[in-house]
>>> print(open('coords.pdb').read())   # PDB, C-alpha atoms
ATOM      1  CA  MET A   1     -43.225  95.685  22.552  1.00  0.00           C
ATOM      2  CA  LYS A   2     -42.496  92.007  22.095  1.00  0.00           C
ATOM      3  CA  LYS A   3     -44.414  90.132  19.415  1.00  0.00           C
ATOM      4  CA  ILE A   4     -46.863  87.547  20.787  1.00  0.00           C
ATOM      5  CA  GLY A   5     -47.757  84.277  19.096  1.00  0.00           C
ATOM      6  CA  ILE A   6     -51.118  82.714  19.932  1.00  0.00           C
ATOM      7  CA  LEU A   7     -51.758  79.078  19.109  1.00  0.00           C
ATOM      8  CA  GLY A   8     -55.531  78.969  18.836  1.00  0.00           C
ATOM      9  CA  GLY A   9     -58.444  76.996  17.495  1.00  0.00           C
ATOM     10  CA  VAL A  10     -58.972  74.729  20.518  1.00  0.00           C
ATOM     11  CA  GLY A  11     -61.572  76.151  20.593  1.00  0.00           C
ATOM     12  CA  TRP A  12     -62.115  79.311  18.582  1.00  0.00           C
ATOM     13  CA  ALA A  13     -64.213  81.094  21.255  1.00  0.00           C
ATOM     14  CA  SER A  14     -61.358  81.107  23.763  1.00  0.00           C
ATOM     15  CA  THR A  15     -58.908  82.140  21.017  1.00  0.00           C
ATOM     16  CA  LEU A  16     -61.099  85.157  20.340  1.00  0.00           C
ATOM     17  CA  ASP A  17     -61.208  85.937  24.055  1.00  0.00           C
ATOM     18  CA  TYR A  18     -57.412  85.735  24.394  1.00  0.00           C
ATOM     19  CA  TYR A  19     -56.961  88.172  21.504  1.00  0.00           C
ATOM     20  CA  ARG A  20     -59.530  90.576  22.962  1.00  0.00           C
ATOM     21  CA  ALA A  21     -58.082  90.391  26.474  1.00  0.00           C
ATOM     22  CA  ILE A  22     -54.513  91.020  25.295  1.00  0.00           C
ATOM     23  CA  CYS A  23     -55.528  94.002  23.166  1.00  0.00           C
ATOM     24  CA  GLU A  24     -57.774  95.534  25.830  1.00  0.00           C
ATOM     25  CA  GLY A  25     -55.200  94.919  28.557  1.00  0.00           C
ATOM     26  CA  ALA A  26     -52.483  96.635  26.532  1.00  0.00           C
ATOM     27  CA  GLY A  27     -54.885  99.465  25.762  1.00  0.00           C
ATOM     28  CA  ARG A  28     -55.547 100.057  29.451  1.00  0.00           C
ATOM     29  CA  PHE A  29     -51.815 100.043  30.150  1.00  0.00           C
ATOM     30  CA  PHE A  30     -51.092 102.744  27.588  1.00  0.00           C
ATOM     31  CA  ALA A  31     -54.239 104.771  28.379  1.00  0.00           C
ATOM     32  CA  ASP A  32     -53.099 104.994  32.008  1.00  0.00           C
ATOM     33  CA  ARG A  33     -49.865 106.491  30.691  1.00  0.00           C
ATOM     34  CA  GLY A  34     -51.642 109.152  28.669  1.00  0.00           C
ATOM     35  CA  ALA A  35     -51.480 107.575  25.217  1.00  0.00           C
ATOM     36  CA  GLY A  36     -54.065 108.744  22.716  1.00  0.00           C
ATOM     37  CA  SER A  37     -56.184 106.848  20.231  1.00  0.00           C
ATOM     38  CA  PRO A  38     -55.465 104.488  18.606  1.00  0.00           C
ATOM     39  CA  LEU A  39     -53.947 102.884  21.677  1.00  0.00           C
ATOM     40  CA  PRO A  40     -50.918 100.645  21.019  1.00  0.00           C
ATOM     41  CA  VAL A  41     -51.252  96.874  21.237  1.00  0.00           C
ATOM     42  CA  PRO A  42     -48.507  94.268  20.872  1.00  0.00           C
ATOM     43  CA  PRO A  43     -47.953  92.771  17.420  1.00  0.00           C
ATOM     44  CA  ILE A  44     -49.684  89.391  17.384  1.00  0.00           C
ATOM     45  CA  THR A  45     -49.701  86.389  15.062  1.00  0.00           C
ATOM     46  CA  ILE A  46     -52.373  83.688  15.499  1.00  0.00           C
ATOM     47  CA  GLU A  47     -51.854  80.160  14.206  1.00  0.00           C
ATOM     48  CA  SER A  48     -55.153  78.288  14.452  1.00  0.00           C
ATOM     49  CA  VAL A  49     -55.258  74.492  14.472  1.00  0.00           C
ATOM     50  CA  VAL A  50     -58.346  72.404  13.666  1.00  0.00           C
ATOM     51  CA  GLN A  51     -60.029  71.197  16.849  1.00  0.00           C
ATOM     52  CA  ALA A  52     -61.839  68.339  15.106  1.00  0.00           C
ATOM     53  CA  GLN A  53     -58.425  67.012  14.064  1.00  0.00           C
ATOM     54  CA  THR A  54     -56.569  67.566  17.334  1.00  0.00           C
ATOM     55  CA  ARG A  55     -59.375  65.958  19.376  1.00  0.00           C
ATOM     56  CA  SER A  56     -59.133  62.834  17.209  1.00  0.00           C
ATOM     57  CA  LEU A  57     -55.354  62.700  17.726  1.00  0.00           C
ATOM     58  CA  ARG A  58     -55.430  62.639  21.521  1.00  0.00           C
ATOM     59  CA  GLY A  59     -53.425  59.768  22.960  1.00  0.00           C
ATOM     60  CA  ARG A  60     -53.891  57.612  26.039  1.00  0.00           C
ATOM     61  CA  ALA A  61     -52.907  58.535  29.583  1.00  0.00           C
ATOM     62  CA  GLY A  62     -49.524  57.033  30.446  1.00  0.00           C
ATOM     63  CA  ASP A  63     -48.707  56.081  26.834  1.00  0.00           C
ATOM     64  CA  GLU A  64     -46.215  58.641  25.505  1.00  0.00           C
ATOM     65  CA  ALA A  65     -45.986  57.102  22.038  1.00  0.00           C
ATOM     66  CA  SER A  66     -49.735  57.414  21.496  1.00  0.00           C
ATOM     67  CA  TRP A  67     -49.455  61.225  21.663  1.00  0.00           C
ATOM     68  CA  ALA A  68     -46.874  61.574  18.882  1.00  0.00           C
ATOM     69  CA  ALA A  69     -49.287  62.778  16.172  1.00  0.00           C
ATOM     70  CA  PHE A  70     -51.025  65.194  18.562  1.00  0.00           C
ATOM     71  CA  ASP A  71     -47.693  66.641  19.691  1.00  0.00           C
ATOM     72  CA  ALA A  72     -46.519  67.037  16.085  1.00  0.00           C
ATOM     73  CA  VAL A  73     -49.497  69.226  15.114  1.00  0.00           C
ATOM     74  CA  PHE A  74     -48.894  71.623  17.988  1.00  0.00           C
ATOM     75  CA  ARG A  75     -45.126  71.602  17.547  1.00  0.00           C
ATOM     76  CA  GLU A  76     -45.436  72.529  13.866  1.00  0.00           C
ATOM     77  CA  ALA A  77     -47.852  75.322  14.758  1.00  0.00           C
ATOM     78  CA  MET A  78     -45.323  76.658  17.262  1.00  0.00           C
ATOM     79  CA  LEU A  79     -42.558  76.522  14.677  1.00  0.00           C
ATOM     80  CA  THR A  80     -44.809  78.484  12.306  1.00  0.00           C
ATOM     81  CA  LEU A  81     -45.187  81.181  14.964  1.00  0.00           C
ATOM     82  CA  GLU A  82     -41.445  81.123  15.545  1.00  0.00           C
ATOM     83  CA  ARG A  83     -40.786  81.607  11.820  1.00  0.00           C
ATOM     84  CA  ALA A  84     -43.267  84.508  11.873  1.00  0.00           C
ATOM     85  CA  GLY A  85     -40.920  86.351  14.229  1.00  0.00           C
ATOM     86  CA  CYS A  86     -42.835  85.946  17.487  1.00  0.00           C
ATOM     87  CA  ASP A  87     -40.736  86.624  20.571  1.00  0.00           C
ATOM     88  CA  PHE A  88     -42.770  84.163  22.628  1.00  0.00           C
ATOM     89  CA  ALA A  89     -46.019  82.229  22.355  1.00  0.00           C
ATOM     90  CA  LEU A  90     -48.905  80.898  24.366  1.00  0.00           C
ATOM     91  CA  ILE A  91     -51.468  78.187  23.701  1.00  0.00           C
ATOM     92  CA  ALA A  92     -55.019  79.509  24.170  1.00  0.00           C
ATOM     93  CA  SER A  93     -56.173  76.198  25.647  1.00  0.00           C
ATOM     94  CA  ASN A  94     -55.489  74.184  28.802  1.00  0.00           C
ATOM     95  CA  THR A  95     -55.599  70.668  27.345  1.00  0.00           C
ATOM     96  CA  PRO A  96     -52.458  70.804  25.140  1.00  0.00           C
ATOM     97  CA  HIS A  97     -50.404  72.042  28.101  1.00  0.00           C
ATOM     98  CA  ALA A  98     -50.404  68.470  29.391  1.00  0.00           C
ATOM     99  CA  ARG A  99     -48.123  67.813  26.399  1.00  0.00           C
ATOM    100  CA  LEU A 100     -46.064  71.003  26.631  1.00  0.00           C
ATOM    101  CA  HIS A 101     -42.874  69.088  27.448  1.00  0.00           C
ATOM    102  CA  ALA A 102     -43.124  67.327  24.070  1.00  0.00           C
ATOM    103  CA  ILE A 103     -44.508  70.257  22.077  1.00  0.00           C
ATOM    104  CA  ARG A 104     -41.508  72.376  23.110  1.00  0.00           C
ATOM    105  CA  GLU A 105     -38.991  69.954  21.568  1.00  0.00           C
ATOM    106  CA  GLY A 106     -37.058  71.783  18.842  1.00  0.00           C
ATOM    107  CA  VAL A 107     -38.818  75.101  19.514  1.00  0.00           C
ATOM    108  CA  VAL A 108     -36.410  77.860  20.534  1.00  0.00           C
ATOM    109  CA  MET A 109     -39.062  80.516  21.166  1.00  0.00           C
ATOM    110  CA  PRO A 110     -40.312  80.577  24.792  1.00  0.00           C
ATOM    111  CA  ILE A 111     -43.805  79.170  25.375  1.00  0.00           C
ATOM    112  CA  LEU A 112     -45.614  80.527  28.427  1.00  0.00           C
ATOM    113  CA  SER A 113     -47.139  77.803  30.609  1.00  0.00           C
ATOM    114  CA  ILE A 114     -50.718  78.244  31.766  1.00  0.00           C
ATOM    115  CA  PHE A 115     -49.887  75.924  34.687  1.00  0.00           C
ATOM    116  CA  ASP A 116     -47.270  78.286  36.113  1.00  0.00           C
ATOM    117  CA  ALA A 117     -49.435  81.388  35.715  1.00  0.00           C
ATOM    118  CA  THR A 118     -52.431  79.665  37.307  1.00  0.00           C
ATOM    119  CA  ALA A 119     -50.500  78.215  40.238  1.00  0.00           C
ATOM    120  CA  GLU A 120     -49.148  81.654  41.110  1.00  0.00           C
ATOM    121  CA  ALA A 121     -52.636  83.149  40.867  1.00  0.00           C
ATOM    122  CA  THR A 122     -54.125  80.390  43.027  1.00  0.00           C
ATOM    123  CA  ALA A 123     -51.487  80.810  45.716  1.00  0.00           C
ATOM    124  CA  ALA A 124     -52.179  84.554  45.729  1.00  0.00           C
ATOM    125  CA  THR A 125     -55.795  83.887  46.798  1.00  0.00           C
ATOM    126  CA  GLY A 126     -54.563  82.283  50.003  1.00  0.00           C
ATOM    127  CA  ALA A 127     -56.454  79.047  49.309  1.00  0.00           C
ATOM    128  CA  ALA A 128     -54.771  75.886  50.541  1.00  0.00           C
ATOM    129  CA  ARG A 129     -56.750  73.559  48.257  1.00  0.00           C
ATOM    130  CA  ALA A 130     -57.791  73.611  44.606  1.00  0.00           C
ATOM    131  CA  LEU A 131     -60.366  71.778  42.520  1.00  0.00           C
ATOM    132  CA  VAL A 132     -59.236  71.458  38.905  1.00  0.00           C
ATOM    133  CA  LEU A 133     -62.053  71.411  36.323  1.00  0.00           C
ATOM    134  CA  GLY A 134     -61.436  70.902  32.612  1.00  0.00           C
ATOM    135  CA  THR A 135     -61.385  68.375  29.806  1.00  0.00           C
ATOM    136  CA  THR A 136     -60.827  64.674  30.333  1.00  0.00           C
ATOM    137  CA  VAL A 137     -57.119  65.095  29.549  1.00  0.00           C
ATOM    138  CA  THR A 138     -56.686  67.921  32.076  1.00  0.00           C
ATOM    139  CA  MET A 139     -58.640  66.199  34.847  1.00  0.00           C
ATOM    140  CA  GLN A 140     -56.937  62.826  34.407  1.00  0.00           C
ATOM    141  CA  ALA A 141     -53.431  64.316  34.375  1.00  0.00           C
ATOM    142  CA  ARG A 142     -51.531  65.525  37.436  1.00  0.00           C
ATOM    143  CA  ASN A 143     -49.789  68.484  35.796  1.00  0.00           C
ATOM    144  CA  TYR A 144     -51.774  71.061  37.706  1.00  0.00           C
ATOM    145  CA  ALA A 145     -51.375  69.111  40.934  1.00  0.00           C
ATOM    146  CA  SER A 146     -47.572  69.083  40.596  1.00  0.00           C
ATOM    147  CA  VAL A 147     -47.243  72.792  39.858  1.00  0.00           C
ATOM    148  CA  LEU A 148     -49.764  73.761  42.545  1.00  0.00           C
ATOM    149  CA  ALA A 149     -47.866  71.667  45.104  1.00  0.00           C
ATOM    150  CA  ALA A 150     -44.740  73.734  44.415  1.00  0.00           C
ATOM    151  CA  HIS A 151     -46.812  76.745  45.539  1.00  0.00           C
ATOM    152  CA  GLU A 152     -48.087  74.889  48.644  1.00  0.00           C
ATOM    153  CA  VAL A 153     -51.586  74.373  47.260  1.00  0.00           C
ATOM    154  CA  LYS A 154     -53.046  70.843  47.330  1.00  0.00           C
ATOM    155  CA  ALA A 155     -55.082  69.818  44.288  1.00  0.00           C
ATOM    156  CA  ASN A 156     -57.994  67.393  44.449  1.00  0.00           C
ATOM    157  CA  GLU A 157     -57.482  63.708  43.850  1.00  0.00           C
ATOM    158  CA  ILE A 158     -58.527  62.499  40.407  1.00  0.00           C
ATOM    159  CA  LEU A 159     -62.340  62.383  40.317  1.00  0.00           C
ATOM    160  CA  PRO A 160     -64.217  59.213  39.363  1.00  0.00           C
ATOM    161  CA  GLN A 161     -64.310  58.622  35.617  1.00  0.00           C
ATOM    162  CA  ASP A 162     -68.056  59.175  35.379  1.00  0.00           C
ATOM    163  CA  GLU A 163     -67.659  62.599  36.958  1.00  0.00           C
ATOM    164  CA  ILE A 164     -64.821  63.480  34.572  1.00  0.00           C
ATOM    165  CA  ALA A 165     -67.013  62.319  31.687  1.00  0.00           C
ATOM    166  CA  GLU A 166     -69.818  64.562  32.958  1.00  0.00           C
ATOM    167  CA  MET A 167     -67.499  67.584  32.912  1.00  0.00           C
ATOM    168  CA  GLN A 168     -66.291  66.757  29.388  1.00  0.00           C
ATOM    169  CA  MET A 169     -69.894  66.432  28.242  1.00  0.00           C
ATOM    170  CA  MET A 170     -70.719  69.785  29.837  1.00  0.00           C
ATOM    171  CA  ILE A 171     -67.852  71.426  27.953  1.00  0.00           C
ATOM    172  CA  ASP A 172     -68.965  69.874  24.661  1.00  0.00           C
ATOM    173  CA  GLU A 173     -72.647  70.689  25.108  1.00  0.00           C
ATOM    174  CA  ASP A 174     -72.632  74.046  26.908  1.00  0.00           C
ATOM    175  CA  PHE A 175     -69.330  75.705  26.001  1.00  0.00           C
ATOM    176  CA  TYR A 176     -68.686  75.162  22.309  1.00  0.00           C
ATOM    177  CA  GLY A 177     -68.545  78.564  20.593  1.00  0.00           C
ATOM    178  CA  GLY A 178     -69.334  80.327  23.859  1.00  0.00           C
ATOM    179  CA  ALA A 179     -71.408  79.623  26.973  1.00  0.00           C
ATOM    180  CA  SER A 180     -75.020  78.490  26.688  1.00  0.00           C
ATOM    181  CA  ALA A 181     -77.841  80.025  28.723  1.00  0.00           C
ATOM    182  CA  THR A 182     -77.683  77.075  31.141  1.00  0.00           C
ATOM    183  CA  ALA A 183     -73.879  76.782  31.347  1.00  0.00           C
ATOM    184  CA  GLN A 184     -73.385  78.710  34.575  1.00  0.00           C
ATOM    185  CA  ASP A 185     -76.110  76.826  36.495  1.00  0.00           C
ATOM    186  CA  ARG A 186     -74.824  73.465  35.293  1.00  0.00           C
ATOM    187  CA  LEU A 187     -71.254  74.364  36.258  1.00  0.00           C
ATOM    188  CA  LEU A 188     -72.282  75.600  39.721  1.00  0.00           C
ATOM    189  CA  ARG A 189     -74.193  72.375  40.377  1.00  0.00           C
ATOM    190  CA  PHE A 190     -71.046  70.400  39.572  1.00  0.00           C
ATOM    191  CA  CYS A 191     -69.020  72.609  41.936  1.00  0.00           C
ATOM    192  CA  LYS A 192     -71.506  72.007  44.767  1.00  0.00           C
ATOM    193  CA  LYS A 193     -70.887  68.267  44.461  1.00  0.00           C
ATOM    194  CA  HIS A 194     -67.113  68.457  44.598  1.00  0.00           C
ATOM    195  CA  ALA A 195     -65.765  71.685  46.145  1.00  0.00           C
ATOM    196  CA  GLN A 196     -64.920  71.673  49.848  1.00  0.00           C
ATOM    197  CA  PRO A 197     -65.033  74.918  51.868  1.00  0.00           C
ATOM    198  CA  GLY A 198     -61.921  77.027  51.358  1.00  0.00           C
ATOM    199  CA  THR A 199     -61.203  75.505  47.956  1.00  0.00           C
ATOM    200  CA  ALA A 200     -60.226  77.577  44.919  1.00  0.00           C
ATOM    201  CA  ILE A 201     -61.964  76.210  41.820  1.00  0.00           C
ATOM    202  CA  LEU A 202     -59.767  76.342  38.731  1.00  0.00           C
ATOM    203  CA  LEU A 203     -61.731  76.903  35.516  1.00  0.00           C
ATOM    204  CA  ALA A 204     -59.023  74.959  33.707  1.00  0.00           C
ATOM    205  CA  CYS A 205     -60.676  74.786  30.308  1.00  0.00           C
ATOM    206  CA  THR A 206     -60.412  78.101  28.497  1.00  0.00           C
ATOM    207  CA  GLU A 207     -64.136  78.031  27.639  1.00  0.00           C
ATOM    208  CA  LEU A 208     -65.332  77.612  31.242  1.00  0.00           C
ATOM    209  CA  PRO A 209     -64.721  81.249  32.291  1.00  0.00           C
ATOM    210  CA  LEU A 210     -67.186  82.274  29.558  1.00  0.00           C
ATOM    211  CA  ALA A 211     -69.937  81.195  31.985  1.00  0.00           C
ATOM    212  CA  PHE A 212     -69.130  84.288  34.056  1.00  0.00           C
ATOM    213  CA  PRO A 213     -69.049  87.187  31.559  1.00  0.00           C
ATOM    214  CA  GLY A 214     -68.891  89.777  34.331  1.00  0.00           C
ATOM    215  CA  HIS A 215     -65.588  88.274  35.529  1.00  0.00           C
ATOM    216  CA  ILE A 216     -64.051  87.314  32.200  1.00  0.00           C
ATOM    217  CA  ASP A 217     -60.877  89.351  32.815  1.00  0.00           C
ATOM    218  CA  ASP A 218     -60.606  88.674  36.563  1.00  0.00           C
ATOM    219  CA  VAL A 219     -57.783  86.370  37.571  1.00  0.00           C
ATOM    220  CA  SER A 220     -59.797  85.358  40.639  1.00  0.00           C
ATOM    221  CA  PHE A 221     -63.365  86.119  41.663  1.00  0.00           C
ATOM    222  CA  GLU A 222     -66.296  84.916  43.760  1.00  0.00           C
ATOM    223  CA  ALA A 223     -69.586  83.724  42.280  1.00  0.00           C
ATOM    224  CA  GLY A 224     -72.359  81.459  43.495  1.00  0.00           C
ATOM    225  CA  GLY A 225     -70.662  81.144  46.877  1.00  0.00           C
ATOM    226  CA  PHE A 226     -67.408  79.808  45.394  1.00  0.00           C
ATOM    227  CA  LEU A 227     -63.909  81.189  44.865  1.00  0.00           C
ATOM    228  CA  PHE A 228     -62.836  80.766  41.249  1.00  0.00           C
ATOM    229  CA  VAL A 229     -59.464  81.157  39.533  1.00  0.00           C
ATOM    230  CA  ASN A 230     -59.498  81.984  35.823  1.00  0.00           C
ATOM    231  CA  PRO A 231     -56.397  80.399  34.228  1.00  0.00           C
ATOM    232  CA  SER A 232     -57.051  82.212  30.931  1.00  0.00           C
ATOM    233  CA  ALA A 233     -56.910  85.622  32.633  1.00  0.00           C
ATOM    234  CA  ALA A 234     -53.784  84.607  34.559  1.00  0.00           C
ATOM    235  CA  HIS A 235     -52.179  83.437  31.307  1.00  0.00           C
ATOM    236  CA  VAL A 236     -53.043  86.705  29.515  1.00  0.00           C
ATOM    237  CA  THR A 237     -51.649  88.714  32.428  1.00  0.00           C
ATOM    238  CA  ALA A 238     -48.352  86.815  32.193  1.00  0.00           C
ATOM    239  CA  ALA A 239     -48.242  87.428  28.427  1.00  0.00           C
ATOM    240  CA  LEU A 240     -48.837  91.150  28.850  1.00  0.00           C
ATOM    241  CA  ASP A 241     -46.177  91.386  31.557  1.00  0.00           C
ATOM    242  CA  LEU A 242     -43.643  89.871  29.161  1.00  0.00           C
ATOM    243  CA  ALA A 243     -44.775  91.729  26.031  1.00  0.00           C
ATOM    244  CA  LEU A 244     -44.762  95.122  27.786  1.00  0.00           C
ATOM    245  CA  ALA A 245     -41.710  94.552  29.980  1.00  0.00           C
ATOM    246  CA  ASP A 246     -39.614  97.214  28.210  1.00  0.00           C
ATOM    247  CA  GLU A 247     -42.390  99.807  28.428  1.00  0.00           C
ATOM    248  CA  LYS A 248     -42.893  99.103  32.127  1.00  0.00           C
ATOM    249  CA  ALA A 249     -39.167  99.401  32.756  1.00  0.00           C
ATOM    250  CA  GLY A 250     -39.112 102.739  30.956  1.00  0.00           C
TER
END
>>> encode(input="coords.pdb", output="structure tokens")
Amino acid sequence: MKKIGILGGVGWASTLDYYRAICEGAGRFFADRGAGSPLPVPPITIESVVQAQTRSLRGRAGDEASWAAFDAVFREAMLTLERAGCDFALIASNTPHARLHAIREGVVMPILSIFDATAEATAATGAARALVLGTTVTMQARNYASVLAAHEVKANEILPQDEIAEMQMMIDEDFYGGASATAQDRLLRFCKKHAQPGTAILLACTELPLAFPGHIDDVSFEAGGFLFVNPSAAHVTAALDLALADEKAG
């Protein structure tokens, strides 16, 4: 098995969920092949950054230089994982992926993109349109839109700033350290305002899928009358495919 590096801490609840999902997914793979307890899981190293710091270092949209300090924190974390012998890594958060082009500079180890995994999963649903929900950085950027377009899926136009601010507030108030008791209802109300029929809704903040605990490992699912895509689950699936490639080939 290949060794996986997880860059976590943004936030810790989704980091925990990534670790659980990778271990349980590997366990199911080996159990189906008759392995006994304890079931094998890939070797994993987690490098956790400090969310209070990284949030304060966010730059401004369209100003590359303003992101230099933010990029440096994530790049150094990736180099730490590389020095730890990880064969590849993934960031257990959507927001930093907007800076993946800069974070990758000087890092030899492959870093799996959540954008690529999610676009493939969205296209597999057959949806022609997607609504991208996430932090202010994710919703203001067009990274998802560009990758989705390559898979013939049209993303929503950038929402008004007050609506983006509402989503960021929801994440901060209802999804820090897990999902609150009101998180799912609040999220569904937001979806009713913005999702057109036939639209796949991307839960493109790694905490948002925690609102649907019964679907936490489903790459796509239906709930509340909407079709959702879980980028975290798609990302974990891509990581497991790479980590277990030799075992699957054998």
>>> atom_distance(input="coords.pdb", atom1="CA of Gly214 (chain A)", atom2="CA of Tyr144 (chain A)")
25.6 Å
>>> closest_residue(input="coords.pdb", among="A:Ala223, A:Tyr19, A:Ile4, A:Asn156", to="Gln184 (chain A)", atoms="all atoms listed in the file")
A:Ala223
>>> atom_distance(input="coords.pdb", atom1="CA of Glu82 (chain A)", atom2="CA of Lys2 (chain A)")
12.7 Å
>>> resolve_selection(input="coords.pdb", expression="the PyMOL selection byres ((chain A and resi 8) around 12)", output="ChimeraX atom specification")
/A:5-7,9-19,45-51,54,74,77-78,81,89-96,206
>>> residues_around(input="coords.pdb", residues="Gly134 (chain A)", least_positions_apart="5", cutoff="7 Å", atoms="all atoms listed in the file", output="PDB file with C-alpha atoms, keeping the file's coordinate frame")
ATOM      1  CA  MET A 139     -58.640  66.199  34.847  1.00  0.00           C
ATOM      2  CA  MET A 167     -67.499  67.584  32.912  1.00  0.00           C
ATOM      3  CA  LEU A 203     -61.731  76.903  35.516  1.00  0.00           C
ATOM      4  CA  ALA A 204     -59.023  74.959  33.707  1.00  0.00           C
ATOM      5  CA  CYS A 205     -60.676  74.786  30.308  1.00  0.00           C
TER       6      CYS A 205
END
>>> closest_residue(input="coords.pdb", among="A:Thr136, A:Gly177, A:Leu188, A:Ala119", to="Leu202 (chain A)", atoms="all atoms listed in the file")
A:Ala119
>>> resolve_selection(input="coords.pdb", expression="the PyMOL selection byres ((chain A and resi 155) around 10)", output="list in words")
Ala128, Arg129, Ala130, Leu131, Val132, Arg142, Tyr144, Ala145, Ser146, Val147, Leu148, Ala149, Glu152, Val153, Lys154, Asn156, Glu157, Ile158, Thr199, Ala200, Ile201 and Leu202 of chain A
>>> write_last_selection(input="coords.pdb", atoms="C-alpha atoms", output="tab-separated table (two decimals), in the frame of the given file")
chain	number	residue	atom	x	y	z
A	128	ALA	CA	-54.77	75.89	50.54
A	129	ARG	CA	-56.75	73.56	48.26
A	130	ALA	CA	-57.79	73.61	44.61
A	131	LEU	CA	-60.37	71.78	42.52
A	132	VAL	CA	-59.24	71.46	38.90
A	142	ARG	CA	-51.53	65.53	37.44
A	144	TYR	CA	-51.77	71.06	37.71
A	145	ALA	CA	-51.38	69.11	40.93
A	146	SER	CA	-47.57	69.08	40.60
A	147	VAL	CA	-47.24	72.79	39.86
A	148	LEU	CA	-49.76	73.76	42.54
A	149	ALA	CA	-47.87	71.67	45.10
A	152	GLU	CA	-48.09	74.89	48.64
A	153	VAL	CA	-51.59	74.37	47.26
A	154	LYS	CA	-53.05	70.84	47.33
A	156	ASN	CA	-57.99	67.39	44.45
A	157	GLU	CA	-57.48	63.71	43.85
A	158	ILE	CA	-58.53	62.50	40.41
A	199	THR	CA	-61.20	75.50	47.96
A	200	ALA	CA	-60.23	77.58	44.92
A	201	ILE	CA	-61.96	76.21	41.82
A	202	LEU	CA	-59.77	76.34	38.73
>>> atom_distance(input="coords.pdb", atom1="CA of Gly106 (chain A)", atom2="CA of Cys86 (chain A)")
15.4 Å
>>> residues_around(input="coords.pdb", residues="Ala102 (chain A)", least_positions_apart="5", cutoff="9 Å", atoms="all atoms listed in the file", output="PyMOL selection string")
chain A and resi 68+71-72+75
>>> closest_residue(input="coords.pdb", among="A:Ala127, A:Ala249, A:Val236, A:Met170", to="Cys23 (chain A)", atoms="only C-alpha atoms")
A:Val236
>>> residues_near_point(input="coords.pdb", point="(-54.1, 59.7, 26.6)", cutoff="12 Å", atoms="only C-alpha atoms", output="number ranges by chain")
A: 55-71, 95-96, 98-99, 135-141
>>> write_last_selection(input="coords.pdb", atoms="C-alpha atoms", output="tab-separated table (two decimals), in the frame of the given file")
chain	number	residue	atom	x	y	z
A	55	ARG	CA	-59.38	65.96	19.38
A	56	SER	CA	-59.13	62.83	17.21
A	57	LEU	CA	-55.35	62.70	17.73
A	58	ARG	CA	-55.43	62.64	21.52
A	59	GLY	CA	-53.42	59.77	22.96
A	60	ARG	CA	-53.89	57.61	26.04
A	61	ALA	CA	-52.91	58.54	29.58
A	62	GLY	CA	-49.52	57.03	30.45
A	63	ASP	CA	-48.71	56.08	26.83
A	64	GLU	CA	-46.22	58.64	25.50
A	65	ALA	CA	-45.99	57.10	22.04
A	66	SER	CA	-49.74	57.41	21.50
A	67	TRP	CA	-49.46	61.22	21.66
A	68	ALA	CA	-46.87	61.57	18.88
A	69	ALA	CA	-49.29	62.78	16.17
A	70	PHE	CA	-51.02	65.19	18.56
A	71	ASP	CA	-47.69	66.64	19.69
A	95	THR	CA	-55.60	70.67	27.34
A	96	PRO	CA	-52.46	70.80	25.14
A	98	ALA	CA	-50.40	68.47	29.39
A	99	ARG	CA	-48.12	67.81	26.40
A	135	THR	CA	-61.38	68.38	29.81
A	136	THR	CA	-60.83	64.67	30.33
A	137	VAL	CA	-57.12	65.10	29.55
A	138	THR	CA	-56.69	67.92	32.08
A	139	MET	CA	-58.64	66.20	34.85
A	140	GLN	CA	-56.94	62.83	34.41
A	141	ALA	CA	-53.43	64.32	34.38
>>> resolve_selection(input="coords.pdb", expression="the PyMOL selection byres ((chain A and resi 180-183) around 10)", output="VMD selection string")
chain A and resid 170 to 171 173 to 179 184 to 188 208 210 to 212
>>> closest_residue(input="coords.pdb", among="A:Ala123, A:Met1, A:Ala243, A:Ala195", to="Val219 (chain A)", atoms="all atoms listed in the file")
A:Ala123
>>> closest_residue(input="coords.pdb", among="A:Arg104, A:Thr237, A:Gln53, A:Leu159", to="Ala117 (chain A)", atoms="all atoms listed in the file")
A:Thr237
>>> closest_residue(input="coords.pdb", among="A:His215, A:His235, A:Arg189, A:Lys3", to="Ala84 (chain A)", atoms="all atoms listed in the file")
A:Lys3
>>> axis_aligned_box(input="coords.pdb", around="region 15-33 of chain A", padding_each_side="4 Å", output="lines of an AutoDock Vina configuration file")
center_x = -55.5
center_y = 94.3
center_z = 26.2
size_x = 19.3
size_y = 32.4
size_z = 19.7
